[in-house]
Amino acid sequence: MRIHVPDQPAGQLTEAWRLCVGTGRFDLALRRDYQDSLALVQQDIGFRHIRGHGLLSDNVGIHRPYEYEGVRHVRHSFGYVDQVVDAYLDLGIKPFVELGFMPSGLASGDQTVFWWQGNVTPPRDWREWADLVRATVRHLIARYGLEEVRTWPIEVWNEPNLDAFWEGADQDAYHRLYEVTATAVKEVDAGLQVGGPSLAPGYQPEWITRFADFVAERSAPIDFVSRHAYTSGPAQEVPFGTHQTLVPASGLLEQFAAPGEQLAGTALAELPVHITEFNSSYRPDNPIHDTAMHAAYLAPVLAAGGELVDSFSYWTFSDMFEEVGIPTTLFHGGFGLLTHRQIKKPTYHLYAFMARMGDTVLARGEDHLVTRHDDGRVTVLAWAPVDVTGGEPADGHTVRLSVPVGGPEGSAVYAHRSTVAEDAGNAYAAWCEMGRPASPGRRQLDALREASEPARSHKSLPVAAGRVDCDLVLARHEVTLLELTPVQDETPAWWDESRLLGLGTQPQRDTGGA
């Protein structure tokens, strides 16, 4: 059955899918490979904000207590912060500021998370914590300007409903942290955006509704609500890796919608909702992240997520990420759209394809998204269905569309198709075929970069009644981008393709003689 794509708009494609992207801890941005990777991502995708952990942790060096003449003082140092934020802004991306974790010199305990040991205990001195928050925000404003920093959302902590990230997962203690922090931010400038509670999936609805009640009762400042979304089951660990079950990708969309449903009727009901982390697996060592299946799995989420929330931030743009230690192989199941050394994964291309879509939505379906650009070009994103139960992947899934392109009868459109699938644009598959080299040599890296590029094809399609028929036959776990551009034929009148090799008869020239 052919789907008739309407000529009239069905809506707008928001920028929710690229408003933010995740990153490894803050100080990783000082590394050359990190900045090279982010530059490539910005060139092809163009995220607007970037969010990661550890801004206030010891390895960034902001909080520096010392004693002088028997009196304790604190110096706030921003050298690393400036280097990182300067690099971000130079690459056209703004911080989505996460305030955490606790500096050891201010921490009330020694509980830490991750290989790099971020402290997750409350401050032992709430006044000193508020001073740290104010000093950090004031410095950012002094260096980058108030109007700029007002465009940077500021999130209070990370996943306080998990004991791993907030000692005891103590909600009352988090409420105090939130109030003290948000108030300190607003004391610097009332126009700054502050929000939370940055909840991990699996929380009981009472967690977020209690937070809403607390904020309302205390008149605590809040400009947005945030949570995270993942769809993987319990970890089945192997050496240097993890395997997990997945629920269908629709589970991510359900998680996106949950805050709006849970906060209905509360004082926070009308606030923007930001999904400040999302992915399939919550583990940075799950091979699913490297696969073509992953791109097809997430395609319907990118196509529809902006209808539910104000942003949803992919976790993360790069495999430069060390929460469970330094990776032992190039492909290790990292969260990133890119491996180390800038090898593009299939999900990278899903995002790059989205960046080439138009702003006007003509149609959305369970396996396609159709948009139109202001100049009349029409773009189709289509994807093969993914079975998370382990069944045989769909091969030959077909998307048949009648697409409005305009133009006179007998004209044509140029159809350019870019494809990633199990056997196209899949560097992970090539790496496996190489024997999974832990540290590929230069020739192997070159081969992997070549294998990572999408397959591309092109053809001319005839226009009939202002439309073209498109039959997209999709391979296993394929994601494809079809770009349809009206043809302005500038072929010279004398061109004859049959004479390309100089064969045939020279046309007789009319000399106009008697």
# chains A, B, ... in the order shown; residues from 1 in each chain; ligands from 1
call {"tool": "closest_atom_pairs", "arguments": {"of": "range 344-450 of chain A", "to": "range 17-39 of chain A", "cutoff": "9 Å", "atoms": "only C-alpha atoms", "output": "JSON lines"}}
result
{"residue": "A:Tyr351", "atom": "CA", "partner": "A:Arg18", "partner_atom": "CA", "distance": 8.4}
{"residue": "A:Met354", "atom": "CA", "partner": "A:Trp17", "partner_atom": "CA", "distance": 8.7}
{"residue": "A:Ala355", "atom": "CA", "partner": "A:Arg18", "partner_atom": "CA", "distance": 8.6}
call {"tool": "write_last_selection", "arguments": {"atoms": "C-alpha atoms", "output": "CSV table (one decimal), in the first residue's frame"}}
result
chain,number,residue,atom,x,y,z
A,351,TYR,CA,21.8,12.3,13.8
A,354,MET,CA,18.2,14.4,11.0
A,355,ALA,CA,20.4,17.5,10.6
call {"tool": "residues_around", "arguments": {"residues": "range 394-401 of chain A", "least_positions_apart": "2", "cutoff": "7 Å", "atoms": "only C-alpha atoms", "output": "NGL selection string"}}
result
:A and (1-5 or 384-385 or 392 or 403 or 469-476)
call {"tool": "write_last_selection", "arguments": {"atoms": "all heavy atoms", "output": "CSV table (one decimal), in the first residue's frame"}}
result
chain,number,residue,atom,x,y,z
A,1,MET,N,0.8,-1.2,0.0
A,1,MET,CA,0.0,0.0,0.0
A,1,MET,C,0.9,1.2,0.0
A,1,MET,O,1.8,1.4,0.8
A,1,MET,CB,-0.9,0.0,1.2
A,1,MET,CG,-1.8,1.3,1.4
A,1,MET,SD,-2.8,1.2,2.8
A,1,MET,CE,-3.5,2.8,2.8
A,2,ARG,N,0.6,2.2,-0.9
A,2,ARG,CA,1.4,3.4,-1.0
A,2,ARG,C,0.7,4.5,-0.1
A,2,ARG,O,-0.5,4.7,-0.1
A,2,ARG,CB,1.4,3.9,-2.4
A,2,ARG,CG,2.4,5.0,-2.6
A,2,ARG,CD,2.5,5.4,-4.1
A,2,ARG,NE,3.0,4.2,-4.9
A,2,ARG,CZ,4.3,3.8,-4.9
A,2,ARG,NH1,5.2,4.5,-4.2
A,2,ARG,NH2,4.6,2.8,-5.6
A,3,ILE,N,1.6,5.1,0.7
A,3,ILE,CA,1.2,6.2,1.6
A,3,ILE,C,1.2,7.5,0.8
A,3,ILE,O,2.2,7.9,0.3
A,3,ILE,CB,2.1,6.2,2.8
A,3,ILE,CG1,2.0,4.9,3.6
A,3,ILE,CG2,1.7,7.4,3.7
A,3,ILE,CD1,3.0,4.8,4.7
A,4,HIS,N,0.0,8.2,0.9
A,4,HIS,CA,-0.1,9.5,0.2
A,4,HIS,C,0.3,10.6,1.2
A,4,HIS,O,-0.4,10.9,2.1
A,4,HIS,CB,-1.5,9.7,-0.2
A,4,HIS,CG,-1.8,10.9,-1.1
A,4,HIS,ND1,-1.6,10.9,-2.4
A,4,HIS,CD2,-2.1,12.2,-0.7
A,4,HIS,CE1,-1.9,12.1,-2.9
A,4,HIS,NE2,-2.2,12.9,-1.9
A,5,VAL,N,1.5,11.2,1.0
A,5,VAL,CA,2.0,12.2,1.8
A,5,VAL,C,1.3,13.5,1.5
A,5,VAL,O,1.3,14.0,0.4
A,5,VAL,CB,3.5,12.4,1.7
A,5,VAL,CG1,4.0,13.5,2.5
A,5,VAL,CG2,4.2,11.1,2.1
A,384,ALA,N,14.1,0.6,9.1
A,384,ALA,CA,13.6,-0.8,9.3
A,384,ALA,C,13.1,-1.0,10.7
A,384,ALA,O,13.7,-0.5,11.6
A,384,ALA,CB,14.6,-1.8,8.8
A,385,PRO,N,12.1,-1.8,10.9
A,385,PRO,CA,11.7,-2.1,12.3
A,385,PRO,C,12.7,-3.0,13.0
A,385,PRO,O,13.5,-3.7,12.4
A,385,PRO,CB,10.4,-2.9,12.1
A,385,PRO,CG,10.5,-3.5,10.7
A,385,PRO,CD,11.3,-2.5,9.9
A,392,GLU,N,14.4,-12.8,14.0
A,392,GLU,CA,15.1,-12.5,12.8
A,392,GLU,C,14.9,-11.1,12.3
A,392,GLU,O,13.7,-10.7,12.2
A,392,GLU,CB,14.7,-13.5,11.7
A,392,GLU,CG,15.5,-13.4,10.4
A,392,GLU,CD,17.0,-13.8,10.5
A,392,GLU,OE1,17.3,-14.5,11.5
A,392,GLU,OE2,17.8,-13.3,9.7
A,403,VAL,N,5.0,11.3,-2.8
A,403,VAL,CA,5.6,12.5,-2.2
A,403,VAL,C,5.3,13.8,-3.0
A,403,VAL,O,5.6,13.8,-4.2
A,403,VAL,CB,7.1,12.4,-1.9
A,403,VAL,CG1,7.6,13.6,-1.2
A,403,VAL,CG2,7.4,11.1,-1.1
A,469,ASP,N,6.7,8.9,-6.9
A,469,ASP,CA,6.5,7.7,-6.2
A,469,ASP,C,7.9,7.2,-5.7
A,469,ASP,O,8.8,7.1,-6.5
A,469,ASP,CB,5.8,6.6,-7.0
A,469,ASP,CG,4.3,6.9,-7.2
A,469,ASP,OD1,3.8,7.8,-6.5
A,469,ASP,OD2,3.8,6.3,-8.1
A,470,CYS,N,8.0,6.9,-4.4
A,470,CYS,CA,9.3,6.4,-3.9
A,470,CYS,C,9.0,5.1,-3.2
A,470,CYS,O,8.2,5.0,-2.3
A,470,CYS,CB,9.8,7.4,-2.8
A,470,CYS,SG,10.0,9.1,-3.4
A,471,ASP,N,9.8,4.1,-3.7
A,471,ASP,CA,9.7,2.8,-3.1
A,471,ASP,C,11.1,2.5,-2.4
A,471,ASP,O,12.1,2.2,-3.1
A,471,ASP,CB,9.4,1.7,-4.1
A,471,ASP,CG,8.0,1.8,-4.7
A,471,ASP,OD1,7.2,2.5,-4.1
A,471,ASP,OD2,7.7,1.2,-5.7
A,472,LEU,N,11.1,2.6,-1.1
A,472,LEU,CA,12.3,2.4,-0.4
A,472,LEU,C,12.4,1.0,0.2
A,472,LEU,O,11.6,0.7,1.2
A,472,LEU,CB,12.4,3.4,0.8
A,472,LEU,CG,12.5,4.9,0.3
A,472,LEU,CD1,12.4,5.8,1.5
A,472,LEU,CD2,13.7,5.2,-0.5
A,473,VAL,N,13.2,0.1,-0.3
A,473,VAL,CA,13.3,-1.2,0.2
A,473,VAL,C,14.5,-1.2,1.1
A,473,VAL,O,15.6,-0.9,0.7
A,473,VAL,CB,13.5,-2.2,-1.0
A,473,VAL,CG1,13.7,-3.7,-0.4
A,473,VAL,CG2,12.4,-2.2,-2.0
A,474,LEU,N,14.3,-1.6,2.4
A,474,LEU,CA,15.3,-1.4,3.5
A,474,LEU,C,15.9,-2.7,3.8
A,474,LEU,O,15.2,-3.7,4.0
A,474,LEU,CB,14.6,-0.8,4.7
A,474,LEU,CG,13.9,0.6,4.5
A,474,LEU,CD1,13.3,1.1,5.7
A,474,LEU,CD2,14.8,1.6,3.8
A,475,ALA,N,17.2,-2.7,3.9
A,475,ALA,CA,17.9,-3.9,4.4
A,475,ALA,C,17.8,-4.0,5.9
A,475,ALA,O,17.2,-3.2,6.6
A,475,ALA,CB,19.4,-3.8,4.0
A,476,ARG,N,18.5,-5.1,6.4
A,476,ARG,CA,18.4,-5.3,7.9
A,476,ARG,C,18.9,-4.1,8.7
A,476,ARG,O,20.0,-3.6,8.4
A,476,ARG,CB,19.2,-6.6,8.2
A,476,ARG,CG,18.7,-7.8,7.6
A,476,ARG,CD,19.7,-9.0,7.7
A,476,ARG,NE,19.9,-9.4,9.1
A,476,ARG,CZ,21.0,-9.5,9.7
A,476,ARG,NH1,22.2,-9.3,9.1
A,476,ARG,NH2,21.1,-9.9,11.0
call {"tool": "select_by_dssp", "arguments": {"residues": "range 134-217 of chain A", "states": "strand (DSSP E or B)", "output": "number ranges by chain"}}
result
A: 154-156, 194-199
call {"tool": "residues_around", "arguments": {"residues": "range 306-316 of chain A", "least_positions_apart": "3", "cutoff": "10 Å", "atoms": "only C-alpha atoms", "output": "PyMOL selection string"}}
result
chain A and resi 11-24+47+49-52+224+226-230+253-260+271-282+284+301-303+319-321+334-338+351
call {"tool": "residues_around", "arguments": {"residues": "Trp166 in chain A", "least_positions_apart": "3", "cutoff": "12 Å", "atoms": "only C-alpha atoms", "output": "count of residues only"}}
result
36
call {"tool": "decode", "arguments": {"residues": "range 428-500 of chain A", "atoms": "C-alpha atoms", "output": "compact mmCIF listing (two decimals), in the first residue's frame"}}
result
# COMPACT_ATOMS: atom_id res chain seq x y z
CA TYR A 428 31.59 -1.95 14.00
CA ALA A 429 30.88 -4.80 11.57
CA ALA A 430 34.15 -4.07 9.75
CA TRP A 431 36.04 -4.04 13.05
CA CYS A 432 34.56 -7.43 13.96
CA GLU A 433 35.61 -8.79 10.55
CA MET A 434 39.14 -7.49 11.21
CA GLY A 435 39.27 -9.69 14.30
CA ARG A 436 38.34 -6.96 16.79
CA PRO A 437 41.81 -5.37 17.08
CA ALA A 438 42.08 -3.65 20.45
CA SER A 439 44.36 -0.90 19.10
CA PRO A 440 43.97 -0.69 15.31
CA GLY A 441 46.96 0.50 13.32
CA ARG A 442 46.85 3.44 10.96
CA ARG A 443 45.84 1.37 7.92
CA GLN A 444 43.13 -0.32 9.94
CA LEU A 445 41.86 3.03 11.20
CA ASP A 446 41.72 4.32 7.63
CA ALA A 447 39.76 1.23 6.60
CA LEU A 448 37.35 1.67 9.51
CA ARG A 449 36.76 5.31 8.66
CA GLU A 450 36.03 4.30 5.08
CA ALA A 451 33.68 1.55 6.25
CA SER A 452 31.88 3.99 8.52
CA GLU A 453 30.64 6.18 5.66
CA PRO A 454 27.06 5.66 4.44
CA ALA A 455 26.36 3.96 1.15
CA ARG A 456 25.17 6.55 -1.36
CA SER A 457 23.15 6.26 -4.54
CA HIS A 458 21.25 8.60 -6.85
CA LYS A 459 18.70 8.58 -9.63
CA SER A 460 16.23 10.77 -11.48
CA LEU A 461 12.54 10.25 -10.68
CA PRO A 462 9.72 11.46 -12.93
CA VAL A 463 7.12 13.93 -11.66
CA ALA A 464 3.46 13.19 -12.34
CA ALA A 465 0.74 15.53 -11.11
CA GLY A 466 3.27 17.28 -8.88
CA ARG A 467 4.28 14.04 -7.15
CA VAL A 468 6.90 11.31 -7.23
CA ASP A 469 6.52 7.71 -6.16
CA CYS A 470 9.26 6.44 -3.87
CA ASP A 471 9.71 2.77 -3.08
CA LEU A 472 12.34 2.38 -0.36
CA VAL A 473 13.32 -1.24 0.18
CA LEU A 474 15.25 -1.39 3.45
CA ALA A 475 17.93 -3.89 4.38
CA ARG A 476 18.41 -5.32 7.87
CA HIS A 477 18.44 -2.52 10.46
CA GLU A 478 18.66 0.11 7.73
CA VAL A 479 18.21 3.81 8.25
CA THR A 480 18.02 5.74 5.00
CA LEU A 481 17.81 9.39 4.03
CA LEU A 482 16.25 10.28 0.68
CA GLU A 483 16.65 13.88 -0.49
CA LEU A 484 14.41 14.99 -3.38
CA THR A 485 15.46 18.11 -5.25
CA PRO A 486 13.53 19.50 -8.25
CA VAL A 487 15.65 19.40 -11.41
CA GLN A 488 16.30 22.53 -13.43
CA ASP A 489 17.47 20.96 -16.69
CA GLU A 490 20.34 22.94 -18.23
CA THR A 491 21.41 20.32 -20.75
CA PRO A 492 22.60 22.02 -23.99
CA ALA A 493 20.44 21.42 -27.05
CA TRP A 494 23.38 19.82 -28.91
CA TRP A 495 24.20 17.22 -26.23
CA ASP A 496 23.92 13.61 -27.44
CA GLU A 497 24.78 10.94 -24.85
CA SER A 498 25.09 8.29 -27.56
CA ARG A 499 28.17 10.08 -28.97
CA LEU A 500 30.09 10.03 -25.67
